[in-house]
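Visitor: Input file: input_9.cif. Contents: mmCIF, C-alpha atoms.
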```
data_start
#
loop_
_atom_site.label_atom_id
_atom_site.label_comp_id
_atom_site.auth_asym_id
_atom_site.auth_seq_id
_atom_site.Cartn_x
_atom_site.Cartn_y
_atom_site.Cartn_z
CA MET N 7 -30.05 0.52 16.76
CA ALA N 8 -28.54 2.49 13.85
CA VAL N 9 -24.90 2.15 12.89
CA ARG N 10 -22.95 4.01 10.20
CA GLY N 11 -21.47 1.88 7.45
CA ILE N 12 -20.30 1.81 3.89
CA GLU N 13 -21.57 -0.57 1.23
CA VAL N 14 -18.68 -2.52 -0.24
CA GLY N 15 -20.74 -5.21 -1.95
CA HIS N 16 -24.26 -6.08 -2.93
CA ILE N 17 -26.49 -9.02 -3.85
CA PHE N 18 -29.31 -8.95 -6.40
CA VAL N 19 -32.03 -11.58 -6.68
CA LEU N 20 -32.67 -12.14 -10.37
CA GLY N 21 -35.41 -14.70 -9.84
CA THR N 22 -36.14 -16.85 -12.88
CA LEU N 23 -35.83 -14.09 -15.48
CA TYR N 24 -32.68 -15.43 -17.12
CA SER N 25 -32.89 -19.10 -16.17
CA SER N 26 -36.26 -19.49 -17.90
CA LYS N 27 -34.92 -17.84 -21.08
CA PHE N 28 -31.83 -20.07 -21.15
CA GLY N 29 -33.49 -23.28 -20.03
CA ALA N 30 -31.52 -23.50 -16.80
CA ASN N 31 -33.80 -25.85 -14.91
CA TYR N 32 -33.65 -28.25 -12.01
CA ILE N 33 -35.76 -31.32 -11.28
CA ASP N 34 -37.49 -31.37 -7.89
CA ALA N 35 -38.14 -34.44 -5.72
CA ALA N 36 -41.38 -35.12 -7.57
CA GLY N 37 -39.55 -35.14 -10.93
CA VAL N 38 -40.97 -31.79 -12.07
CA SER N 39 -38.71 -29.34 -13.95
CA HIS N 40 -38.49 -25.73 -12.67
CA PRO N 41 -36.36 -22.75 -13.71
CA CYS N 42 -33.50 -22.05 -11.27
CA VAL N 43 -33.85 -19.04 -9.01
CA MET N 44 -30.79 -16.93 -9.74
CA GLY N 45 -28.90 -14.17 -8.04
CA CYS N 46 -25.69 -12.25 -8.50
CA TYR N 47 -23.29 -10.38 -6.28
CA GLY N 48 -20.61 -7.80 -6.67
CA LEU N 49 -17.78 -6.37 -4.66
CA GLY N 50 -16.69 -2.90 -5.62
CA LEU N 51 -12.92 -2.43 -5.57
CA SER N 52 -13.28 1.34 -5.45
CA ARG N 53 -15.72 0.99 -2.53
CA LEU N 54 -13.30 -1.28 -0.66
CA LEU N 55 -10.49 1.22 -1.14
CA ALA N 56 -12.73 4.10 -0.06
CA ALA N 57 -13.70 2.17 3.09
CA ALA N 58 -10.05 1.44 3.89
CA ILE N 59 -9.07 5.08 3.42
CA GLU N 60 -12.03 6.24 5.49
CA GLN N 61 -10.82 4.05 8.35
CA HIS N 62 -7.07 4.65 7.89
CA HIS N 63 -6.10 8.29 7.40
CA ASP N 64 -4.95 11.35 9.28
CA ASP N 65 -4.77 15.07 8.54
CA LYS N 66 -1.77 14.53 6.21
CA GLY N 67 -3.31 11.84 4.01
CA ILE N 68 -3.75 8.10 3.67
CA LEU N 69 -2.33 5.51 6.10
CA TRP N 70 -2.45 2.37 3.94
CA PRO N 71 -2.77 -0.88 5.87
CA MET N 72 0.13 -3.08 4.78
CA PRO N 73 -1.97 -5.84 3.16
CA ILE N 74 -3.51 -3.42 0.65
CA ALA N 75 -0.79 -0.77 0.33
CA PRO N 76 0.09 -0.11 -3.32
CA TYR N 77 3.76 -0.18 -2.28
CA GLN N 78 5.48 -1.23 0.92
CA VAL N 79 8.39 1.23 0.75
CA TYR N 80 8.70 4.83 -0.40
CA LEU N 81 12.37 5.34 -1.34
CA CYS N 82 13.28 9.00 -0.97
CA PRO N 83 16.73 10.21 -2.07
CA LEU N 84 17.63 13.80 -1.17
CA TYR N 85 20.01 16.02 -3.13
CA ARG N 86 21.24 13.24 -5.41
CA ASP N 87 22.65 15.32 -8.27
CA GLY N 88 26.43 15.61 -8.02
CA THR N 89 26.61 13.41 -4.91
CA LYS N 90 27.02 9.71 -4.11
CA VAL N 91 23.35 9.65 -3.17
CA GLY N 92 22.32 9.03 -6.79
CA GLU N 93 24.43 5.92 -7.28
CA THR N 94 23.78 4.58 -3.80
CA VAL N 95 20.00 4.96 -4.02
CA GLU N 96 19.94 3.15 -7.38
CA ASN N 97 21.80 0.22 -5.78
CA ILE N 98 19.51 0.21 -2.73
CA ASN N 99 16.43 0.29 -4.98
CA GLU N 100 17.72 -2.74 -6.92
CA GLU N 101 18.49 -4.61 -3.67
CA LEU N 102 15.05 -3.89 -2.22
CA GLU N 103 13.23 -4.94 -5.37
CA ALA N 104 15.42 -8.06 -5.80
CA SER N 105 14.45 -9.07 -2.25
CA GLY N 106 10.77 -8.93 -3.22
CA LEU N 107 9.84 -5.60 -1.63
CA GLU N 108 7.44 -3.32 -3.49
CA VAL N 109 9.18 0.04 -3.81
CA LEU N 110 8.05 3.43 -5.08
CA PHE N 111 11.33 5.15 -5.99
CA ASP N 112 10.85 8.93 -5.92
CA ASP N 113 13.55 10.03 -8.35
CA ARG N 114 12.16 13.55 -8.76
CA LEU N 115 14.47 16.50 -8.23
CA GLU N 116 12.26 18.10 -5.60
CA SER N 117 13.03 19.56 -2.19
CA PRO N 118 12.86 17.35 0.91
CA GLY N 119 9.71 19.13 2.08
CA VAL N 120 7.86 18.42 -1.16
CA LYS N 121 8.93 14.77 -1.14
CA PHE N 122 8.04 14.26 2.54
CA ASN N 123 4.62 15.88 2.08
CA ASP N 124 3.93 13.76 -0.99
CA ALA N 125 5.05 10.62 0.87
CA ASP N 126 2.60 11.40 3.69
CA LEU N 127 -0.21 12.11 1.23
CA LEU N 128 0.37 8.80 -0.61
CA GLY N 129 0.41 6.89 2.68
CA ILE N 130 2.96 4.20 1.81
CA PRO N 131 3.70 2.43 5.12
CA LEU N 132 7.50 2.84 5.26
CA ARG N 133 9.62 5.78 4.06
CA ILE N 134 13.36 5.29 3.52
CA THR N 135 15.36 8.50 3.15
CA ILE N 136 18.90 8.59 1.80
CA SER N 137 21.00 11.73 1.91
CA THR N 138 24.68 12.71 2.08
CA ARG N 139 24.27 12.91 5.87
CA THR N 140 22.95 9.36 6.16
CA LEU N 141 25.60 8.05 3.75
CA GLU N 142 28.36 9.50 5.96
CA LYS N 143 26.98 7.31 8.75
CA LYS N 144 26.54 4.29 6.42
CA SER N 145 22.86 4.31 7.27
CA VAL N 146 19.45 5.29 6.01
CA GLU N 147 16.60 7.10 7.74
CA VAL N 148 13.49 5.01 8.28
CA LYS N 149 10.06 6.35 9.16
CA TRP N 150 6.75 4.55 9.52
CA ARG N 151 3.98 6.62 7.96
CA ALA N 152 1.81 6.30 11.07
CA GLU N 153 4.58 7.45 13.45
CA LYS N 154 6.38 10.73 14.00
CA LYS N 155 9.68 9.26 15.15
CA LEU N 156 12.55 8.64 12.71
CA LYS N 157 14.90 5.69 13.05
CA SER N 158 18.40 5.23 11.73
CA CYS N 159 19.15 1.86 10.17
CA PRO N 160 22.45 0.55 8.78
CA SER N 161 22.36 0.46 4.98
CA LYS N 162 24.14 -2.89 4.99
CA GLY N 163 21.57 -5.70 5.17
CA LEU N 164 18.74 -3.22 4.67
CA PRO N 165 16.36 -5.49 2.70
CA LEU N 166 16.37 -8.19 5.36
CA GLN N 167 15.82 -5.69 8.18
CA LEU N 168 12.98 -3.99 6.30
CA LYS N 169 11.28 -7.32 5.59
CA ARG N 170 11.39 -8.14 9.32
CA TRP N 171 9.86 -4.78 10.23
CA LEU N 172 7.21 -5.05 7.52
CA GLN N 173 6.19 -8.55 8.65
CA ARG N 174 5.77 -7.37 12.24
CA ASN N 175 3.66 -4.40 11.17
CA CYS N 176 1.51 -6.25 8.63
CA SER N 177 -1.82 -5.89 10.38
CA PHE N 178 -4.81 -3.62 10.39
#
```
Hey, can you dump this file as structure tokens for me?
Guide:
Amino acid sequence: MAVRGIEVGHIFVLGTLYSSKFGANYIDAAGVSHPCVMGCYGLGLSRLLAAAIEQHHDDKGILWPMPIAPYQVYLCPLYRDGTKVGETVENINEELEASGLEVLFDDRLESPGVKFNDADLLGIPLRITISTRTLEKKSVEVKWRAEKKLKSCPSKGLPLQLKRWLQRNCSF
């Protein structure tokens, strides 16, 4: 039976090439000295990441599994210049990071479409969007990368709520 796979690690048998040169010997049951038979192994980080991406993606980009995601939260402020969004998002970023969450804070002055597309391409598991509309409701917009549906979440107590959600969704 043939099955497709990806090599993420390898093992090489080195034999006695190095042990004999360095005098790495062992004594057998009869008391005779022999060079050790050596081997080495390697795991390729880039291969592991490639395998994860191959298994976890869609037509928009990467869907990082939580245990290996480079960040847990993508913080996405919209239209922050000249609004309360700028100050509020800075405070939320500090709160999230102080609570131990790994946050990628997108402080670029780009349109919502550009930021949302980039967020999907990067594949960070949870996107938090803050805009003047969400601030009026004292909330933030939350979206899991793997889902289409948006959720509204109160901005008060946000770090604790996000940690709960992230713990529940921390599986492959």
Visitor: Can you list what the PyMOL selection byres ((chain N and resi 160-177) around 10) grabs from this structure, as a PyMOL selection string?
Guide: chain N and resi 71-74+78-79+94+98-99+101-107+131-132+134+136+140-141+143-148+150+158-159+178
Visitor: Quick check on the file I pasted: which residues fall under the PyMOL selection byres ((chain N and resi 29) around 12)? Write them as a PyMOL selection string.
Guide: chain N and resi 22-28+30-32+39-43
Visitor: Applied to this file, what does the PyMOL selection byres ((chain N and resi 64) around 12) return in terms of residues, put as JSON, numbers by chain?
Guide: {"N": [59, 60, 61, 62, 63, 65, 66, 67, 68, 69, 70, 126, 127, 128, 129, 151, 152, 153]}
Visitor: Distance atom CA of Arg86 of chain N-atom CA of Asn123 of chain N, one decimal place?
Guide: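 That distance, rounded to one decimal, is 18.4 Å.
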Visitor: Distance atom CA of Val38 of chain N-atom CA of Ile17 of chain N, one decimal place?
Guide: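 Interatomic distance, atom CA of Val38 of chain N to atom CA of Ile17 of chain N: 28.2 Å.
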Visitor: Quote the spacing between atom CA of Phe111 of chain N and atom CA of Leu51 of chain N in Å to one decimal place.
Guide: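 Between these atoms lies a distance of 25.4 Å.
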Visitor: Considering all atoms listed in the file, can you say which of N:Pro83, N:Val9, N:Gly88, N:Leu156 comes closest to Glu116 of chain N?
Guide: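 Looking only at the distances to Glu116 of chain N, the closest residue turns out to be N:Pro83.
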Visitor: With all atoms listed in the file as the basis for distance, which of N:Val120, N:Ala57, N:Ala35, N:Val109 is at the shortest distance from Glu13 of chain N?
Guide: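 Residue with the minimum atom-to-atom distance to Glu13 of chain N: N:Ala57.
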